[in-house]
$ cat start.pdb   # PDB, C-alpha atoms
ATOM      1  CA  MET A1244     -38.562  43.330 -87.322  1.00  0.00           C
ATOM      2  CA  GLU A1245     -41.330  44.763 -85.204  1.00  0.00           C
ATOM      3  CA  ASP A1246     -43.991  46.563 -87.205  1.00  0.00           C
ATOM      4  CA  ALA A1247     -45.393  49.820 -85.883  1.00  0.00           C
ATOM      5  CA  THR A1248     -49.048  50.424 -86.685  1.00  0.00           C
ATOM      6  CA  GLU A1249     -49.269  52.943 -89.473  1.00  0.00           C
ATOM      7  CA  GLY A1250     -50.409  56.356 -88.398  1.00  0.00           C
ATOM      8  CA  SER A1251     -49.765  55.983 -84.672  1.00  0.00           C
ATOM      9  CA  HIS A1252     -46.034  55.756 -84.017  1.00  0.00           C
ATOM     10  CA  GLY A1253     -44.582  59.217 -83.472  1.00  0.00           C
ATOM     11  CA  CYS A1254     -47.862  61.106 -83.901  1.00  0.00           C
ATOM     12  CA  GLU A1255     -48.324  63.275 -80.859  1.00  0.00           C
ATOM     13  CA  SER A1256     -51.305  65.076 -82.340  1.00  0.00           C
ATOM     14  CA  THR A1257     -52.943  65.778 -85.661  1.00  0.00           C
ATOM     15  CA  SER A1258     -53.246  69.048 -87.492  1.00  0.00           C
ATOM     16  CA  GLY A1259     -56.952  69.673 -87.567  1.00  0.00           C
ATOM     17  CA  SER A1260     -59.279  69.839 -90.523  1.00  0.00           C
ATOM     18  CA  GLU A1261     -58.461  69.098 -94.138  1.00  0.00           C
ATOM     19  CA  GLU A1262     -59.363  72.684 -94.961  1.00  0.00           C
ATOM     20  CA  GLY A1263     -56.914  74.083 -92.447  1.00  0.00           C
ATOM     21  CA  GLY A1264     -54.099  76.320 -93.582  1.00  0.00           C
ATOM     22  CA  CYS A1265     -50.415  75.916 -92.819  1.00  0.00           C
ATOM     23  CA  SER A1266     -50.191  77.981 -89.647  1.00  0.00           C
ATOM     24  CA  ASP A1267     -47.385  77.457 -87.164  1.00  0.00           C
ATOM     25  CA  SER A1268     -49.808  76.778 -84.316  1.00  0.00           C
ATOM     26  CA  ASP A1269     -51.788  73.891 -85.809  1.00  0.00           C
ATOM     27  CA  PHE A1270     -50.844  71.665 -82.888  1.00  0.00           C
ATOM     28  CA  GLY A1271     -48.847  71.856 -79.701  1.00  0.00           C
ATOM     29  CA  THR A1272     -45.197  71.093 -79.153  1.00  0.00           C
ATOM     30  CA  SER A1273     -43.999  67.829 -77.644  1.00  0.00           C
ATOM     31  CA  LYS A1274     -41.013  65.926 -76.299  1.00  0.00           C
ATOM     32  CA  LEU A1275     -41.207  64.002 -79.594  1.00  0.00           C
ATOM     33  CA  GLY A1276     -39.694  67.091 -81.162  1.00  0.00           C
ATOM     34  CA  THR A1277     -36.547  67.056 -79.016  1.00  0.00           C
ATOM     35  CA  LYS A1278     -33.150  65.560 -79.749  1.00  0.00           C
ATOM     36  CA  GLU A1279     -32.935  64.294 -76.158  1.00  0.00           C
ATOM     37  CA  TYR A1280     -36.057  62.160 -76.600  1.00  0.00           C
ATOM     38  CA  TRP A1281     -34.761  60.478 -79.755  1.00  0.00           C
ATOM     39  CA  GLU A1282     -31.243  59.965 -78.437  1.00  0.00           C
ATOM     40  CA  GLU A1283     -32.644  58.130 -75.424  1.00  0.00           C
ATOM     41  CA  ALA A1284     -35.101  56.151 -77.576  1.00  0.00           C
ATOM     42  CA  TYR A1285     -32.378  54.992 -79.977  1.00  0.00           C
ATOM     43  CA  ARG A1286     -29.971  54.290 -77.136  1.00  0.00           C
ATOM     44  CA  ARG A1287     -32.528  51.802 -75.796  1.00  0.00           C
ATOM     45  CA  GLU A1288     -33.120  50.323 -79.254  1.00  0.00           C
ATOM     46  CA  LEU A1289     -29.361  49.993 -79.746  1.00  0.00           C
ATOM     47  CA  GLU A1290     -29.045  48.054 -76.492  1.00  0.00           C
ATOM     48  CA  THR A1291     -31.933  45.805 -77.547  1.00  0.00           C
ATOM     49  CA  PHE A1292     -30.376  45.168 -80.947  1.00  0.00           C
ATOM     50  CA  GLU A1293     -27.024  44.317 -79.383  1.00  0.00           C
ATOM     51  CA  ASP A1294     -28.759  41.954 -76.940  1.00  0.00           C
ATOM     52  CA  ILE A1295     -31.249  40.115 -79.152  1.00  0.00           C
ATOM     53  CA  GLY A1296     -30.863  41.479 -82.705  1.00  0.00           C
ATOM     54  CA  ASP A1297     -34.237  43.279 -82.799  1.00  0.00           C
ATOM     55  CA  VAL A1298     -34.000  46.498 -84.851  1.00  0.00           C
ATOM     56  CA  GLY A1299     -37.004  48.054 -83.117  1.00  0.00           C
ATOM     57  CA  GLU A1300     -40.020  49.789 -84.594  1.00  0.00           C
ATOM     58  CA  ILE A1301     -40.379  50.706 -88.247  1.00  0.00           C
ATOM     59  CA  TRP A1302     -41.658  54.241 -88.528  1.00  0.00           C
ATOM     60  CA  PHE A1303     -45.245  54.098 -89.935  1.00  0.00           C
ATOM     61  CA  GLY A1304     -44.844  50.364 -90.531  1.00  0.00           C
ATOM     62  CA  GLU A1305     -43.480  48.311 -93.392  1.00  0.00           C
ATOM     63  CA  GLU A1306     -46.266  49.424 -95.737  1.00  0.00           C
ATOM     64  CA  SER A1307     -44.895  52.977 -95.677  1.00  0.00           C
ATOM     65  CA  MET A1308     -41.616  51.721 -97.144  1.00  0.00           C
ATOM     66  CA  ILE A1309     -43.335  49.485 -99.694  1.00  0.00           C
ATOM     67  CA  ARG A1310     -45.460  52.446-100.808  1.00  0.00           C
ATOM     68  CA  VAL A1311     -42.422  54.594-101.616  1.00  0.00           C
ATOM     69  CA  LEU A1312     -40.533  51.709-103.241  1.00  0.00           C
ATOM     70  CA  ARG A1313     -43.513  51.047-105.522  1.00  0.00           C
ATOM     71  CA  TRP A1314     -43.514  54.694-106.562  1.00  0.00           C
ATOM     72  CA  MET A1315     -39.750  54.594-107.229  1.00  0.00           C
ATOM     73  CA  ASP A1316     -40.297  51.571-109.470  1.00  0.00           C
ATOM     74  CA  LYS A1317     -43.106  53.269-111.402  1.00  0.00           C
ATOM     75  CA  ALA A1318     -41.099  56.504-111.679  1.00  0.00           C
ATOM     76  CA  ARG A1319     -38.159  54.448-112.972  1.00  0.00           C
ATOM     77  CA  ILE A1320     -35.708  55.885-110.467  1.00  0.00           C
ATOM     78  CA  PRO A1321     -32.368  54.375-111.594  1.00  0.00           C
ATOM     79  CA  GLU A1322     -30.408  52.109-109.268  1.00  0.00           C
ATOM     80  CA  ASN A1323     -27.473  54.548-109.231  1.00  0.00           C
ATOM     81  CA  ALA A1324     -29.668  57.491-108.172  1.00  0.00           C
ATOM     82  CA  ALA A1325     -28.345  59.412-105.172  1.00  0.00           C
ATOM     83  CA  VAL A1326     -30.912  58.809-102.417  1.00  0.00           C
ATOM     84  CA  LEU A1327     -30.979  60.600 -99.035  1.00  0.00           C
ATOM     85  CA  ASP A1328     -32.915  59.169 -96.065  1.00  0.00           C
ATOM     86  CA  ILE A1329     -33.611  62.190 -93.826  1.00  0.00           C
ATOM     87  CA  GLY A1330     -33.748  61.082 -90.191  1.00  0.00           C
ATOM     88  CA  THR A1331     -32.786  57.495 -90.878  1.00  0.00           C
ATOM     89  CA  GLY A1332     -33.525  56.187 -87.372  1.00  0.00           C
ATOM     90  CA  ASN A1333     -32.673  52.480 -87.205  1.00  0.00           C
ATOM     91  CA  GLY A1334     -31.748  52.388 -90.909  1.00  0.00           C
ATOM     92  CA  ALA A1335     -34.571  49.975 -91.801  1.00  0.00           C
ATOM     93  CA  PHE A1336     -35.493  51.924 -94.943  1.00  0.00           C
ATOM     94  CA  LEU A1337     -31.855  52.004 -96.067  1.00  0.00           C
ATOM     95  CA  VAL A1338     -31.815  48.218 -95.783  1.00  0.00           C
ATOM     96  CA  GLU A1339     -34.938  47.901 -97.947  1.00  0.00           C
ATOM     97  CA  LEU A1340     -33.619  50.398-100.512  1.00  0.00           C
ATOM     98  CA  ALA A1341     -30.341  48.473-100.777  1.00  0.00           C
ATOM     99  CA  LYS A1342     -32.153  45.145-101.114  1.00  0.00           C
ATOM    100  CA  HIS A1343     -34.245  46.749-103.846  1.00  0.00           C
ATOM    101  CA  GLY A1344     -31.062  47.399-105.805  1.00  0.00           C
ATOM    102  CA  TYR A1345     -30.259  51.030-105.016  1.00  0.00           C
ATOM    103  CA  LYS A1346     -26.526  51.536-104.728  1.00  0.00           C
ATOM    104  CA  ASN A1347     -25.943  55.215-103.870  1.00  0.00           C
ATOM    105  CA  LEU A1348     -27.571  55.583-100.466  1.00  0.00           C
ATOM    106  CA  THR A1349     -26.992  58.055 -97.646  1.00  0.00           C
ATOM    107  CA  GLY A1350     -28.739  58.181 -94.290  1.00  0.00           C
ATOM    108  CA  ILE A1351     -28.456  61.024 -91.780  1.00  0.00           C
ATOM    109  CA  ASP A1352     -29.722  61.522 -88.253  1.00  0.00           C
ATOM    110  CA  TYR A1353     -28.870  64.004 -85.520  1.00  0.00           C
ATOM    111  CA  SER A1354     -28.856  61.209 -82.942  1.00  0.00           C
ATOM    112  CA  PRO A1355     -25.457  59.476 -82.551  1.00  0.00           C
ATOM    113  CA  ALA A1356     -27.227  56.436 -81.057  1.00  0.00           C
ATOM    114  CA  SER A1357     -29.461  56.249 -84.135  1.00  0.00           C
ATOM    115  CA  VAL A1358     -26.477  56.326 -86.478  1.00  0.00           C
ATOM    116  CA  LYS A1359     -24.654  53.636 -84.505  1.00  0.00           C
ATOM    117  CA  LEU A1360     -27.790  51.469 -84.535  1.00  0.00           C
ATOM    118  CA  ALA A1361     -28.306  51.988 -88.283  1.00  0.00           C
ATOM    119  CA  ARG A1362     -24.693  51.086 -89.019  1.00  0.00           C
ATOM    120  CA  ASN A1363     -24.986  47.932 -86.914  1.00  0.00           C
ATOM    121  CA  VAL A1364     -28.242  46.939 -88.638  1.00  0.00           C
ATOM    122  CA  LEU A1365     -26.712  47.499 -92.093  1.00  0.00           C
ATOM    123  CA  GLN A1366     -23.597  45.547 -91.146  1.00  0.00           C
ATOM    124  CA  ALA A1367     -25.718  42.646 -89.898  1.00  0.00           C
ATOM    125  CA  GLU A1368     -27.377  42.578 -93.332  1.00  0.00           C
ATOM    126  CA  GLY A1369     -23.983  42.596 -95.048  1.00  0.00           C
ATOM    127  CA  LEU A1370     -24.551  46.108 -96.413  1.00  0.00           C
ATOM    128  CA  THR A1371     -21.265  47.869 -95.755  1.00  0.00           C
ATOM    129  CA  ASP A1372     -21.300  50.394 -98.604  1.00  0.00           C
ATOM    130  CA  VAL A1373     -24.191  52.548 -97.335  1.00  0.00           C
ATOM    131  CA  ALA A1374     -23.145  55.924 -95.904  1.00  0.00           C
ATOM    132  CA  VAL A1375     -24.703  56.837 -92.548  1.00  0.00           C
ATOM    133  CA  LYS A1376     -23.739  60.116 -90.908  1.00  0.00           C
ATOM    134  CA  VAL A1377     -24.437  62.031 -87.714  1.00  0.00           C
ATOM    135  CA  MET A1378     -25.871  65.250 -89.117  1.00  0.00           C
ATOM    136  CA  ASP A1379     -28.603  67.726 -88.227  1.00  0.00           C
ATOM    137  CA  PHE A1380     -30.533  68.326 -91.459  1.00  0.00           C
ATOM    138  CA  LEU A1381     -31.446  71.832 -90.274  1.00  0.00           C
ATOM    139  CA  ASN A1382     -27.776  72.750 -89.844  1.00  0.00           C
ATOM    140  CA  CYS A1383     -26.032  70.805 -92.605  1.00  0.00           C
ATOM    141  CA  ARG A1384     -24.497  74.035 -93.995  1.00  0.00           C
ATOM    142  CA  GLY A1385     -24.606  72.980 -97.599  1.00  0.00           C
ATOM    143  CA  GLU A1386     -22.903  69.607 -97.039  1.00  0.00           C
ATOM    144  CA  LEU A1387     -25.810  67.768 -98.658  1.00  0.00           C
ATOM    145  CA  LYS A1388     -26.102  68.424-102.390  1.00  0.00           C
ATOM    146  CA  GLU A1389     -27.024  66.845-105.721  1.00  0.00           C
ATOM    147  CA  PHE A1390     -29.444  64.190-104.464  1.00  0.00           C
ATOM    148  CA  ASP A1391     -31.901  62.687-106.927  1.00  0.00           C
ATOM    149  CA  VAL A1392     -34.359  61.601-104.236  1.00  0.00           C
ATOM    150  CA  CYS A1393     -34.870  62.716-100.634  1.00  0.00           C
ATOM    151  CA  ILE A1394     -37.114  60.624 -98.387  1.00  0.00           C
ATOM    152  CA  ASP A1395     -38.745  61.693 -95.115  1.00  0.00           C
ATOM    153  CA  LYS A1396     -40.858  59.399 -92.956  1.00  0.00           C
ATOM    154  CA  GLY A1397     -41.726  61.396 -89.847  1.00  0.00           C
ATOM    155  CA  THR A1398     -38.738  63.733 -89.531  1.00  0.00           C
ATOM    156  CA  PHE A1399     -40.650  66.832 -90.623  1.00  0.00           C
ATOM    157  CA  ASP A1400     -43.359  65.795 -88.155  1.00  0.00           C
ATOM    158  CA  ALA A1401     -40.821  65.691 -85.322  1.00  0.00           C
ATOM    159  CA  ILE A1402     -39.333  69.067 -86.307  1.00  0.00           C
ATOM    160  CA  SER A1403     -42.856  70.502 -86.275  1.00  0.00           C
ATOM    161  CA  LEU A1404     -43.230  69.407 -82.647  1.00  0.00           C
ATOM    162  CA  ASN A1405     -39.971  70.953 -81.405  1.00  0.00           C
ATOM    163  CA  PRO A1406     -40.791  73.076 -78.338  1.00  0.00           C
ATOM    164  CA  ASP A1407     -37.865  75.464 -78.902  1.00  0.00           C
ATOM    165  CA  ASP A1408     -38.617  77.132 -82.252  1.00  0.00           C
ATOM    166  CA  THR A1409     -40.865  75.097 -84.502  1.00  0.00           C
ATOM    167  CA  LYS A1410     -41.555  78.011 -86.896  1.00  0.00           C
ATOM    168  CA  GLU A1411     -37.871  78.560 -87.629  1.00  0.00           C
ATOM    169  CA  GLY A1412     -37.231  74.817 -87.770  1.00  0.00           C
ATOM    170  CA  LYS A1413     -39.808  74.338 -90.523  1.00  0.00           C
ATOM    171  CA  LYS A1414     -38.281  77.183 -92.544  1.00  0.00           C
ATOM    172  CA  LEU A1415     -34.776  75.753 -92.152  1.00  0.00           C
ATOM    173  CA  TYR A1416     -36.061  72.336 -93.215  1.00  0.00           C
ATOM    174  CA  VAL A1417     -37.514  73.654 -96.477  1.00  0.00           C
ATOM    175  CA  GLN A1418     -34.302  75.523 -97.294  1.00  0.00           C
ATOM    176  CA  ALA A1419     -32.108  72.518 -96.484  1.00  0.00           C
ATOM    177  CA  LEU A1420     -34.299  70.380 -98.740  1.00  0.00           C
ATOM    178  CA  LYS A1421     -33.968  72.877-101.584  1.00  0.00           C
ATOM    179  CA  ASP A1422     -30.188  72.803-101.201  1.00  0.00           C
ATOM    180  CA  ALA A1423     -29.983  69.010-101.032  1.00  0.00           C
ATOM    181  CA  LEU A1424     -32.015  68.176-104.137  1.00  0.00           C
ATOM    182  CA  LYS A1425     -30.951  68.430-107.753  1.00  0.00           C
ATOM    183  CA  ASP A1426     -33.174  70.368-110.114  1.00  0.00           C
ATOM    184  CA  LYS A1427     -36.008  67.953-111.038  1.00  0.00           C
ATOM    185  CA  GLY A1428     -35.069  65.797-108.036  1.00  0.00           C
ATOM    186  CA  PHE A1429     -37.876  64.165-106.061  1.00  0.00           C
ATOM    187  CA  PHE A1430     -38.996  64.518-102.450  1.00  0.00           C
ATOM    188  CA  ALA A1431     -41.116  61.757-100.878  1.00  0.00           C
ATOM    189  CA  ILE A1432     -42.698  62.699 -97.559  1.00  0.00           C
ATOM    190  CA  THR A1433     -44.858  60.626 -95.224  1.00  0.00           C
ATOM    191  CA  SER A1434     -46.578  62.523 -92.408  1.00  0.00           C
ATOM    192  CA  CYS A1435     -49.139  61.818 -89.715  1.00  0.00           C
ATOM    193  CA  ASN A1436     -49.371  65.402 -88.448  1.00  0.00           C
ATOM    194  CA  TRP A1437     -49.922  67.338 -91.680  1.00  0.00           C
ATOM    195  CA  THR A1438     -52.719  67.061 -94.217  1.00  0.00           C
ATOM    196  CA  LYS A1439     -52.163  67.069 -97.973  1.00  0.00           C
ATOM    197  CA  GLU A1440     -53.369  70.663 -98.227  1.00  0.00           C
ATOM    198  CA  GLN A1441     -51.002  71.834 -95.503  1.00  0.00           C
ATOM    199  CA  LEU A1442     -48.008  70.092 -97.052  1.00  0.00           C
ATOM    200  CA  LEU A1443     -48.860  71.531-100.473  1.00  0.00           C
ATOM    201  CA  GLU A1444     -48.781  74.984 -98.917  1.00  0.00           C
ATOM    202  CA  ARG A1445     -45.616  74.336 -96.916  1.00  0.00           C
ATOM    203  CA  PHE A1446     -43.691  73.101 -99.963  1.00  0.00           C
ATOM    204  CA  SER A1447     -45.264  75.476-102.492  1.00  0.00           C
ATOM    205  CA  GLU A1448     -42.110  77.520-103.140  1.00  0.00           C
ATOM    206  CA  GLY A1449     -39.375  75.735-105.085  1.00  0.00           C
ATOM    207  CA  PHE A1450     -41.329  72.504-105.431  1.00  0.00           C
ATOM    208  CA  GLU A1451     -43.962  71.126-107.769  1.00  0.00           C
ATOM    209  CA  PHE A1452     -46.548  68.625-106.581  1.00  0.00           C
ATOM    210  CA  VAL A1453     -46.292  65.326-108.476  1.00  0.00           C
ATOM    211  CA  GLN A1454     -48.760  62.952-106.814  1.00  0.00           C
ATOM    212  CA  ASP A1455     -50.097  61.579-103.580  1.00  0.00           C
ATOM    213  CA  LEU A1456     -49.539  57.960-102.649  1.00  0.00           C
ATOM    214  CA  PRO A1457     -52.515  55.869-101.470  1.00  0.00           C
ATOM    215  CA  THR A1458     -52.721  55.496 -97.689  1.00  0.00           C
ATOM    216  CA  PRO A1459     -55.291  53.787 -95.443  1.00  0.00           C
ATOM    217  CA  SER A1460     -58.508  55.786 -95.052  1.00  0.00           C
ATOM    218  CA  PHE A1461     -61.205  55.922 -92.381  1.00  0.00           C
ATOM    219  CA  GLN A1462     -64.734  57.257 -92.096  1.00  0.00           C
ATOM    220  CA  PHE A1463     -66.044  59.315 -89.203  1.00  0.00           C
ATOM    221  CA  GLY A1464     -69.156  61.435 -89.005  1.00  0.00           C
ATOM    222  CA  GLY A1465     -69.942  60.870 -92.635  1.00  0.00           C
ATOM    223  CA  LYS A1466     -66.549  62.134 -93.782  1.00  0.00           C
ATOM    224  CA  THR A1467     -63.562  60.215 -95.142  1.00  0.00           C
ATOM    225  CA  GLY A1468     -60.024  60.995 -94.030  1.00  0.00           C
ATOM    226  CA  ASN A1469     -56.515  59.585 -93.829  1.00  0.00           C
ATOM    227  CA  SER A1470     -54.417  59.058 -90.713  1.00  0.00           C
ATOM    228  CA  VAL A1471     -51.247  59.278 -92.837  1.00  0.00           C
ATOM    229  CA  THR A1472     -50.400  61.530 -95.783  1.00  0.00           C
ATOM    230  CA  ALA A1473     -47.796  60.511 -98.368  1.00  0.00           C
ATOM    231  CA  LEU A1474     -46.857  62.940-101.151  1.00  0.00           C
ATOM    232  CA  ILE A1475     -44.280  63.257-103.928  1.00  0.00           C
ATOM    233  CA  PHE A1476     -42.820  66.644-104.901  1.00  0.00           C
ATOM    234  CA  MET A1477     -40.321  67.663-107.573  1.00  0.00           C
ATOM    235  CA  ARG A1478     -37.643  70.300-107.014  1.00  0.00           C
ATOM    236  CA  VAL A1479     -37.999  73.182-109.485  1.00  0.00           C
ATOM    237  CA  HIS A1480     -36.085  76.440-109.830  1.00  0.00           C
TER     238      HIS A1480
END
$ encode --input "start.pdb" --output "structure tokens"
Amino acid sequence: MEDATEGSHGCESTSGSEEGGCSDSDFGTSKLGTKEYWEEAYRRELETFEDIGDVGEIWFGEESMIRVLRWMDKARIPENAAVLDIGTGNGAFLVELAKHGYKNLTGIDYSPASVKLARNVLQAEGLTDVAVKVMDFLNCRGELKEFDVCIDKGTFDAISLNPDDTKEGKKLYVQALKDALKDKGFFAITSCNWTKEQLLERFSEGFEFVQDLPTPSFQFGGKTGNSVTALIFMRVH
């Protein structure tokens, strides 16, 4: 597997200062927020996988998956927990979750090429009992329910960059997440465009902050920051 450098892949721009609020104009829109961009990207990755067996880039790198898996271990998430991978991409995280022992996995992506690639990757690993569906999380119309854990590595970032209607997209995302999770279910989000403070504000209604997960830090101008934010929330009514 190729390993994308954490904090760079998929990050068109960052969201400003740590003290910044959760406005809908924190950064500009981008082609990275369009379905057409991702369909073409995964079509190319699918061709590459079919040619040489390379699954392509891992969003935020392998460490981003290890970080969430470590948390799931510490939180004692049972192996039969219903886990949803939002924007599954090439399915690499589904593979790692299955290898870690999780048995009730679902991946969704609005890109048909992504879903075909993920299915092929899972099949190559001998993992034929993982559900992967073509589905737009913003328009799932209540089809996704009763999940114990929902995982997002970059999908909310991409939605935030959509040039059509990013404000409405973010609202639809939060509502879809509320509908998908059980009461007391967990949401693990990794973002390179939103700070901890902004995500706390965005997911303040219907969610309770549990913890942040350690991510690489940097120093600049006497201040310390993080290029990636990883947080855990709990669904509360």
$ residues_around --input "start.pdb" --residues "Arg1384 of chain A" --least-positions-apart "4" --cutoff "10 Å" --atoms "all atoms listed in the file" --output "PyMOL selection string"
chain A and resi 1379-1380+1419+1422
$ atom_distance --input "start.pdb" --atom1 "atom CA of Ser1447 of chain A" --atom2 "atom CA of Lys1413 of chain A"
13.2 Å
$ closest_residue --input "start.pdb" --among "A:Ile1329, A:Ala1341, A:Val1364, A:Ile1475" --to "Leu1420 of chain A" --atoms "all atoms listed in the file"
A:Ile1329
$ atom_distance --input "start.pdb" --atom1 "atom CA of Val1453 of chain A" --atom2 "atom CA of Phe1476 of chain A"
5.2 Å
$ resolve_selection --input "start.pdb" --expression "the PyMOL selection byres ((chain A and resi 1434) around 6)" --output "list in words"
Gly1397, Thr1433, Cys1435, Asn1436, Trp1437, Val1471 and Thr1472 of chain A
$ write_last_selection --input "start.pdb" --atoms "C-alpha atoms" --output "JSON list (two decimals), in the frame of the given file"
[["chain", "number", "residue", "atom", "x", "y", "z"],
["A", 1397, "GLY", "CA", -41.73, 61.40, -89.85],
["A", 1433, "THR", "CA", -44.86, 60.63, -95.22],
["A", 1435, "CYS", "CA", -49.14, 61.82, -89.72],
["A", 1436, "ASN", "CA", -49.37, 65.40, -88.45],
["A", 1437, "TRP", "CA", -49.92, 67.34, -91.68],
["A", 1471, "VAL", "CA", -51.25, 59.28, -92.84],
["A", 1472, "THR", "CA", -50.40, 61.53, -95.78]]
$ atom_distance --input "start.pdb" --atom1 "atom CA of Leu1456 of chain A" --atom2 "atom CA of Leu1312 of chain A"
11.0 Å
$ resolve_selection --input "start.pdb" --expression "the PyMOL selection byres ((chain A and resi 1371) around 12)" --output "list in words"
Leu1337, Val1338, Ala1341, Lys1346, Asn1347, Leu1348, Thr1349, Ala1361, Arg1362, Asn1363, Val1364, Leu1365, Gln1366, Ala1367, Glu1368, Gly1369, Leu1370, Asp1372, Val1373, Ala1374 and Val1375 of chain A
$ residues_near_point --input "start.pdb" --point "(-42.5, 59.7, -94.4)" --cutoff "12 Å" --atoms "all atoms listed in the file" --output "PyMOL selection string"
chain A and resi 1249-1250+1252-1254+1301-1311+1328-1332+1336+1393-1401+1430-1437+1456+1458+1471-1475
$ closest_residue --input "start.pdb" --among "A:Glu1322, A:Glu1448, A:Glu1389, A:Asp1455" --to "Val1417 of chain A" --atoms "all atoms listed in the file"
A:Glu1448
$ resolve_selection --input "start.pdb" --expression "the PyMOL selection byres ((chain A and resi 1282) around 10)" --output "list in words"
Thr1277, Lys1278, Glu1279, Tyr1280, Trp1281, Glu1283, Ala1284, Tyr1285, Arg1286, Arg1287, Glu1288, Gly1332, Tyr1353, Ser1354, Pro1355, Ala1356 and Ser1357 of chain A
$ write_last_selection --input "start.pdb" --atoms "C-alpha atoms" --output "compact mmCIF listing (two decimals), in the frame of the given file"
# COMPACT_ATOMS: atom_id res chain seq x y z
CA THR A 1277 -36.55 67.06 -79.02
CA LYS A 1278 -33.15 65.56 -79.75
CA GLU A 1279 -32.94 64.29 -76.16
CA TYR A 1280 -36.06 62.16 -76.60
CA TRP A 1281 -34.76 60.48 -79.76
CA GLU A 1283 -32.64 58.13 -75.42
CA ALA A 1284 -35.10 56.15 -77.58
CA TYR A 1285 -32.38 54.99 -79.98
CA ARG A 1286 -29.97 54.29 -77.14
CA ARG A 1287 -32.53 51.80 -75.80
CA GLU A 1288 -33.12 50.32 -79.25
CA GLY A 1332 -33.52 56.19 -87.37
CA TYR A 1353 -28.87 64.00 -85.52
CA SER A 1354 -28.86 61.21 -82.94
CA PRO A 1355 -25.46 59.48 -82.55
CA ALA A 1356 -27.23 56.44 -81.06
CA SER A 1357 -29.46 56.25 -84.14
$ residues_around --input "start.pdb" --residues "Asn1405 of chain A" --least-positions-apart "3" --cutoff "9 Å" --atoms "all atoms listed in the file" --output "NGL selection string"
:A and (1272-1278 or 1401-1402 or 1408-1409 or 1412)
$ axis_aligned_box --input "start.pdb" --around "segment 1271-1290 of chain A" --padding-each-side "5 Å" --output "AutoDock Vina command-line options"
--center_x -38.9 --center_y 60.0 --center_z -78.3 --size_x 29.8 --size_y 33.8 --size_z 15.7
